[in-house]
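Asks: Input data.txt, format and content: compact mmCIF, C-alpha atoms.
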# COMPACT_ATOMS: atom_id res chain seq x y z
CA MET F 1 94.90 105.91 113.29
CA TYR F 2 92.21 107.58 111.22
CA GLN F 3 93.20 110.50 109.05
CA ILE F 4 92.12 112.43 105.99
CA VAL F 5 94.77 112.53 103.28
CA THR F 6 94.94 114.41 100.00
CA ILE F 7 95.79 112.32 96.95
CA LYS F 8 96.73 113.31 93.41
CA ASP F 9 95.98 110.69 90.76
CA THR F 10 94.68 109.95 87.28
CA ILE F 11 91.25 108.36 87.22
CA ARG F 12 89.57 106.36 84.45
CA ILE F 13 85.94 107.38 83.92
CA PRO F 14 84.01 104.81 81.86
CA PRO F 15 81.43 105.95 79.26
CA LYS F 16 78.49 104.78 81.40
CA LEU F 17 79.28 107.69 83.77
CA PHE F 18 79.50 110.38 81.05
CA SER F 19 75.83 111.40 81.52
CA ASP F 20 76.52 112.66 85.07
CA SER F 21 78.43 115.82 85.95
CA LEU F 22 82.22 115.50 85.81
CA GLU F 23 82.51 115.82 89.62
CA LYS F 24 79.86 113.15 90.22
CA SER F 25 81.39 110.82 87.60
CA ALA F 26 84.87 111.31 89.07
CA LEU F 27 83.61 110.61 92.59
CA GLU F 28 81.87 107.40 91.47
CA ALA F 29 85.00 106.21 89.62
CA LEU F 30 87.17 107.05 92.67
CA LYS F 31 84.85 105.07 94.96
CA GLN F 32 85.08 102.02 92.71
CA GLN F 33 88.86 102.24 92.50
CA TYR F 34 89.78 103.13 96.10
CA GLU F 35 87.13 102.35 98.73
CA GLY F 36 87.77 99.18 100.72
CA LYS F 37 91.24 98.77 99.21
CA ILE F 38 94.54 98.78 101.05
CA ASP F 39 97.46 100.98 100.12
CA LYS F 40 100.67 99.87 101.84
CA ASP F 41 101.60 103.49 102.62
CA LEU F 42 98.15 104.87 103.48
CA GLY F 43 96.38 101.88 105.00
CA VAL F 44 92.72 100.99 104.44
CA VAL F 45 90.81 103.52 102.33
CA ILE F 46 87.42 103.90 103.96
CA SER F 47 85.91 106.71 101.92
CA VAL F 48 86.83 109.11 99.12
CA MET F 49 85.46 112.64 98.85
CA ASN F 50 85.87 116.11 97.41
CA PRO F 51 87.27 115.49 93.90
CA ARG F 52 88.74 118.74 92.60
CA GLU F 53 91.24 120.21 90.16
CA ILE F 54 89.83 117.82 87.55
CA SER F 55 91.69 118.19 84.25
CA ASP F 56 90.22 117.92 80.78
CA GLY F 57 89.83 114.30 79.79
CA ILE F 58 92.29 112.35 77.69
CA ILE F 59 91.02 109.54 75.47
CA ILE F 60 93.40 106.74 74.57
CA PRO F 61 92.83 105.02 71.20
CA GLY F 62 91.15 101.65 71.72
CA ASP F 63 89.75 102.65 75.14
CA GLU F 64 86.45 104.51 75.15
CA ALA F 65 86.95 105.85 78.70
CA ALA F 66 88.20 109.32 79.59
CA TYR F 67 91.25 109.79 81.83
CA HIS F 68 91.39 112.81 84.12
CA HIS F 69 94.11 114.06 86.45
CA LEU F 70 92.61 115.18 89.74
CA VAL F 71 93.07 115.78 93.45
CA PHE F 72 90.78 114.29 96.10
CA ASP F 73 90.58 113.57 99.81
CA ALA F 74 90.34 110.12 101.38
CA LEU F 75 89.50 108.96 104.89
CA VAL F 76 91.99 106.21 105.70
CA PHE F 77 92.75 103.96 108.63
CA THR F 78 96.46 103.38 109.07
CA PRO F 79 97.36 100.87 111.78
CA GLU F 80 100.60 101.91 113.49
CA MET F 81 103.07 99.88 115.53
CA HIS F 82 102.48 100.17 119.30
CA GLU F 83 99.16 101.94 118.74
CA VAL F 84 96.58 101.17 121.43
CA ILE F 85 93.25 100.17 119.92
CA ARG F 86 89.83 99.37 121.28
CA GLY F 87 87.90 96.62 119.54
CA LYS F 88 85.38 93.83 119.77
CA VAL F 89 86.20 90.13 119.87
CA ILE F 90 84.66 88.58 116.75
CA ASP F 91 85.98 85.03 117.02
CA ILE F 92 87.64 82.75 119.55
CA THR F 93 89.85 79.87 118.44
CA GLU F 94 92.18 77.43 120.17
CA PHE F 95 95.13 79.68 119.27
CA GLY F 96 93.70 83.08 120.20
CA ALA F 97 91.09 85.78 119.72
CA PHE F 98 90.30 87.79 116.61
CA VAL F 99 89.52 91.43 117.39
CA ARG F 100 87.81 93.85 114.97
CA PHE F 101 88.84 97.48 115.27
CA GLY F 102 87.78 99.96 112.64
CA PRO F 103 87.71 98.38 109.17
CA ILE F 104 90.24 95.66 109.95
CA GLU F 105 90.85 92.85 112.40
CA GLY F 106 93.83 91.57 114.32
CA LEU F 107 94.80 88.39 116.15
CA THR F 108 95.67 88.26 119.82
CA HIS F 109 97.58 85.00 120.23
CA ILE F 110 96.55 82.96 123.27
CA SER F 111 99.95 83.71 124.87
CA GLN F 112 99.35 87.46 124.49
CA ILE F 113 95.95 87.68 126.24
CA THR F 114 96.99 87.62 129.93
CA ASP F 115 99.89 86.54 132.11
CA ASP F 116 97.72 83.64 133.25
CA PHE F 117 97.68 80.33 131.34
CA MET F 118 94.65 80.46 129.00
CA SER F 119 92.89 77.36 127.72
CA TYR F 120 90.31 77.01 124.98
CA ASN F 121 86.88 75.67 125.89
CA GLU F 122 85.53 74.37 122.57
CA LYS F 123 82.02 73.70 123.91
CA ASN F 124 81.47 77.32 124.95
CA ALA F 125 83.92 78.87 122.46
CA VAL F 126 85.75 80.82 125.17
CA LEU F 127 89.29 81.25 126.43
CA ALA F 128 89.56 80.84 130.20
CA GLY F 129 92.37 81.67 132.62
CA LYS F 130 93.62 78.75 134.72
CA GLU F 131 94.21 80.68 137.95
CA SER F 132 92.38 83.96 137.45
CA ARG F 133 89.25 82.30 136.00
CA ARG F 134 89.00 85.22 133.60
CA VAL F 135 86.98 84.43 130.47
CA LEU F 136 87.26 85.95 127.01
CA LYS F 137 84.39 85.35 124.58
CA LYS F 138 82.85 86.70 121.38
CA GLU F 139 81.42 90.25 121.61
CA ASP F 140 83.73 91.23 124.51
CA VAL F 141 85.18 94.73 124.17
CA VAL F 142 88.95 94.83 124.67
CA THR F 143 91.84 97.26 124.64
CA ALA F 144 94.98 95.99 122.90
CA ARG F 145 98.28 97.17 121.46
CA ILE F 146 99.43 96.52 117.89
CA ILE F 147 102.71 94.56 117.94
CA ALA F 148 103.07 93.47 114.29
CA ILE F 149 101.65 94.69 110.97
CA SER F 150 101.71 93.04 107.56
CA LEU F 151 99.46 94.91 105.12
CA LYS F 152 98.69 93.18 101.83
CA ASN F 153 96.42 94.17 98.94
CA THR F 154 93.22 93.14 100.70
CA VAL F 155 91.93 93.27 104.26
CA ALA F 156 91.54 89.46 104.26
CA ASP F 157 95.21 88.93 103.33
CA SER F 158 96.55 91.50 105.82
CA LYS F 159 97.74 90.41 109.24
CA ILE F 160 97.90 92.43 112.45
CA ASN F 161 99.08 90.95 115.74
CA LEU F 162 97.90 92.34 119.06
CA THR F 163 98.81 91.99 122.72
CA MET F 164 96.68 92.51 125.83
CA ARG F 165 99.30 91.52 128.41
CA GLN F 166 100.60 94.99 129.23
CA LYS F 167 99.26 97.24 131.97
CA GLY F 168 96.03 99.01 131.03
CA LEU F 169 95.19 96.49 128.31
CA GLY F 170 92.68 93.64 128.21
CA LYS F 171 88.97 93.10 128.53
CA GLU F 172 87.11 96.13 129.91
CA GLU F 173 85.72 94.06 132.77
CA TRP F 174 89.25 93.02 133.82
CA LEU F 175 90.43 96.61 133.83
CA GLU F 176 87.49 97.62 136.04
CA GLU F 177 88.35 94.79 138.45
CA LYS F 178 91.91 96.11 138.74
CA LYS F 179 90.66 99.66 139.44
CA LYS F 180 88.24 98.44 142.11
CA GLY F 181 90.95 96.27 143.66
CA LYS F 182 93.29 99.26 143.99
CA LYS F 183 90.56 101.43 145.55
CA ALA F 184 89.62 98.68 148.03
CA GLY F 185 93.28 98.22 148.99
CA LYS F 186 93.76 101.89 149.91
Using structure tokens, write down the structure from this file.
Replies:
Amino acid sequence: MYQIVTIKDTIRIPPKLFSDSLEKSALEALKQQYEGKIDKDLGVVISVMNPREISDGIIIPGDEAAYHHLVFDALVFTPEMHEVIRGKVIDITEFGAFVRFGPIEGLTHISQITDDFMSYNEKNAVLAGKESRRVLKKEDVVTARIIAISLKNTVADSKINLTMRQKGLGKEEWLEEKKKGKKAGK
């Protein structure tokens, strides 16, 4: 889930930023410290903005930087358990599909793609259903549900598991087939 949160912190502003206005220097220092990082409580920090209530600087002996207490807003993406996401398949492997949604990616294990038995076709880099003949490949847009979250300090180290087996989830094309099938059956 995307949200804007307000954060209170102390920021280190290095001397190379002293020539800019305090607000501009603080914003640049905040971007370097926060953007692209993961906070276990907040999620992935996408962007920082609106630094305010900036205190007078404190200089610590032996460190030429200035430290300022301040308040700022941050746009964050916080993956939540059971959240339904929409994403794009970025990689297919013999054990599942990696799906990018927002600033992060998750793995849909091969057993969590459909109720059908899926097999990996290495030549074409696709997962194919044995009975349904459904195919999942790179660039497909899918709807999935988050079933496990393990956020670490970086996006690369974080792990999110997804499922597409439940009703209303899966590749867009498959969902359209189900809708058409219901209409034809009525």
Asks: Between atom CA of Ala29 of chain F and atom CA of Leu75 of chain F, what is the distance, to one decimal in Å?
Replies: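 Going from atom CA of Ala29 of chain F over to atom CA of Leu75 of chain F covers 16.2 Å.
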Asks: With 6 Å as the threshold, what does the neighbourhood of (92.8, 113.7, 92.9) contain in terms of residues, counting all atoms listed in the file? Coordinates are those of the file; answer as a ChimeraX atom specification.
Replies: /F:7-9,51,70-72
Asks: Please provide as a short mmCIF file (atom, residue, chain, number, x, y, z; two decimals) with C-alpha atoms, keeping the file's coordinate frame all residues within 8 Å of Arg165 of chain F, with the sequence filter that same-chain residues fewer than 3 positions apart are discarded (counting all atoms listed in the file).
Replies:
data_model
loop_
_atom_site.label_atom_id
_atom_site.label_comp_id
_atom_site.auth_asym_id
_atom_site.auth_seq_id
_atom_site.Cartn_x
_atom_site.Cartn_y
_atom_site.Cartn_z
CA GLN F 112 99.35 87.46 124.49
CA ILE F 113 95.95 87.68 126.24
CA THR F 114 96.99 87.62 129.93
CA ASP F 115 99.89 86.54 132.11
CA LEU F 169 95.19 96.49 128.31
CA GLY F 170 92.68 93.64 128.21
#
Asks: Return as AutoDock Vina command-line options the centre and edge lengths, in Å with one decimal, of the box along x, y and z that encloses every atom of segment 165-174 of chain F in the file, padded by 5 Å per side.
Replies:
--center_x 93.2 --center_y 95.3 --center_z 131.0 --size_x 24.9 --size_y 17.5 --size_z 15.6
Asks: Could you check the closest approach to Ala148 of chain F for each of F:Ser47, F:Thr108, F:Thr6, F:Thr93 and tell me which residue wins, using only C-alpha atoms?
Replies: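 Answer, going by the shortest atom-to-atom distance: F:Thr108.
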Asks: Do you know which residues are at most 8 Å from Tyr120 of chain F counting only C-alpha atoms, after dropping those on the same chain fewer than 5 positions away, and could you put them as a list in words?
Replies: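 Here the qualifying residues turn out to be Thr93, Glu94, Phe95, Ala125, Val126, Leu127 and Ala128 of chain F.
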Asks: What's around Ser158 of chain F at 12 Å? Count all atoms listed in the file, leave out sequence neighbours fewer than 4 positions away in its own chain, and write the answer as a VMD selection string.
Replies: chain F and resid 37 to 40 43 to 44 79 103 to 107 148 to 154
Asks: Considering all atoms listed in the file, state which residue in the set F:Met81, F:Ile59, F:Leu175, F:Val155 is at the smallest distance from Gly102 of chain F.
Replies: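 Using all atoms listed in the file, the shortest distance to Gly102 of chain F belongs to F:Val155.
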Asks: Here is a test: counting all atoms listed in the file, which residue of F:Lys16, F:His82, F:Arg133, F:Lys88 is nearest to Glu64 of chain F?
Replies: F:Lys16
Asks: List as an MDAnalysis selection string the residues having at least one atom at most 12 Å from position (97.1, 99.6, 121.1) as given in the file, counting only C-alpha atoms.
Replies: chainID F and resid 1 79:87 99 101 106 108 142:148 160:170
Asks: Between F:Ala74, F:Ile92, F:Leu136, F:Ile11, which is the closest to Leu42 of chain F once you count only C-alpha atoms?
Replies: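 The answer is F:Ala74, which sits nearest to Leu42 of chain F.
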Asks: Find the spatial neighbours of Pro14 of chain F, counting all atoms listed in the file, within a cut-off of 7 Å - ignore same-chain residues fewer than 3 positions away - and output them as a VMD selection string.
Replies: chain F and resid 17 65 to 66
Asks: Please identify all polymer residues within 10 Å of Lys31 of chain F, counting all atoms listed in the file, omitting same-chain residues fewer than 4 positions from it, and present them as a list in words.
Replies: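 In the requested form, the answer reads Ser25, Ala26, Leu27, Glu35, Gly36, Lys37, Val45, Ile46, Ser47, Val48, Met49 and Ala74 of chain F.
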Asks: Mind rebuilding segment 105-133 of chain F with N, CA and C atoms and writing that out as a short mmCIF file (atom, residue, chain, number, x, y, z; two decimals), keeping the file's coordinate frame?
Replies:
data_model
loop_
_atom_site.label_atom_id
_atom_site.label_comp_id
_atom_site.auth_asym_id
_atom_site.auth_seq_id
_atom_site.Cartn_x
_atom_site.Cartn_y
_atom_site.Cartn_z
N GLU F 105 90.80 93.66 111.19
CA GLU F 105 90.85 92.85 112.40
C GLU F 105 92.27 92.37 112.66
N GLY F 106 92.52 92.05 113.93
CA GLY F 106 93.83 91.57 114.32
C GLY F 106 93.68 90.32 115.18
N LEU F 107 94.78 89.61 115.34
CA LEU F 107 94.80 88.39 116.15
C LEU F 107 95.59 88.64 117.43
N THR F 108 94.96 88.29 118.55
CA THR F 108 95.67 88.26 119.82
C THR F 108 95.95 86.79 120.11
N HIS F 109 97.22 86.40 119.99
CA HIS F 109 97.58 85.00 120.23
C HIS F 109 97.25 84.66 121.68
N ILE F 110 96.93 83.41 121.93
CA ILE F 110 96.55 82.96 123.27
C ILE F 110 97.60 83.32 124.32
N SER F 111 98.87 83.36 123.93
CA SER F 111 99.95 83.71 124.87
C SER F 111 100.03 85.20 125.12
N GLN F 112 99.30 86.00 124.35
CA GLN F 112 99.35 87.46 124.49
C GLN F 112 98.08 88.04 125.11
N ILE F 113 97.21 87.18 125.67
CA ILE F 113 95.95 87.68 126.24
C ILE F 113 96.14 88.12 127.69
N THR F 114 96.70 87.26 128.53
CA THR F 114 96.99 87.62 129.93
C THR F 114 98.27 86.92 130.35
N ASP F 115 98.73 87.23 131.55
CA ASP F 115 99.89 86.54 132.11
C ASP F 115 99.51 85.14 132.58
N ASP F 116 98.23 84.93 132.80
CA ASP F 116 97.72 83.64 133.25
C ASP F 116 97.73 82.65 132.07
N PHE F 117 97.79 81.35 132.39
CA PHE F 117 97.68 80.33 131.34
C PHE F 117 96.23 80.28 130.87
N MET F 118 96.01 80.46 129.57
CA MET F 118 94.65 80.46 129.00
C MET F 118 94.42 79.14 128.28
N SER F 119 93.24 78.58 128.45
CA SER F 119 92.89 77.36 127.72
C SER F 119 91.59 77.58 126.96
N TYR F 120 91.47 76.86 125.86
CA TYR F 120 90.31 77.01 124.98
C TYR F 120 89.23 76.01 125.38
N ASN F 121 88.03 76.51 125.60
CA ASN F 121 86.88 75.67 125.89
C ASN F 121 86.05 75.61 124.61
N GLU F 122 86.18 74.50 123.89
CA GLU F 122 85.53 74.37 122.57
C GLU F 122 84.01 74.39 122.69
N LYS F 123 83.47 73.78 123.73
CA LYS F 123 82.02 73.70 123.91
C LYS F 123 81.38 75.09 124.00
N ASN F 124 82.01 75.97 124.76
CA ASN F 124 81.47 77.32 124.95
C ASN F 124 82.15 78.36 124.08
N ALA F 125 83.15 77.96 123.32
CA ALA F 125 83.92 78.87 122.46
C ALA F 125 84.44 80.07 123.24
N VAL F 126 85.15 79.77 124.35
CA VAL F 126 85.75 80.82 125.17
C VAL F 126 87.19 80.45 125.50
N LEU F 127 87.95 81.46 125.88
CA LEU F 127 89.29 81.25 126.43
C LEU F 127 89.19 81.57 127.91
N ALA F 128 89.68 80.66 128.76
CA ALA F 128 89.56 80.84 130.20
C ALA F 128 90.92 80.76 130.87
N GLY F 129 91.13 81.65 131.85
CA GLY F 129 92.37 81.67 132.62
C GLY F 129 92.38 80.57 133.66
N LYS F 130 93.51 79.88 133.80
CA LYS F 130 93.62 78.75 134.72
C LYS F 130 93.48 79.20 136.17
N GLU F 131 94.23 80.24 136.56
CA GLU F 131 94.21 80.68 137.95
C GLU F 131 93.25 81.84 138.19
N SER F 132 93.21 82.76 137.27
CA SER F 132 92.38 83.96 137.45
C SER F 132 90.90 83.70 137.17
N ARG F 133 90.61 82.63 136.42
CA ARG F 133 89.25 82.30 136.00
C ARG F 133 88.64 83.38 135.10
#
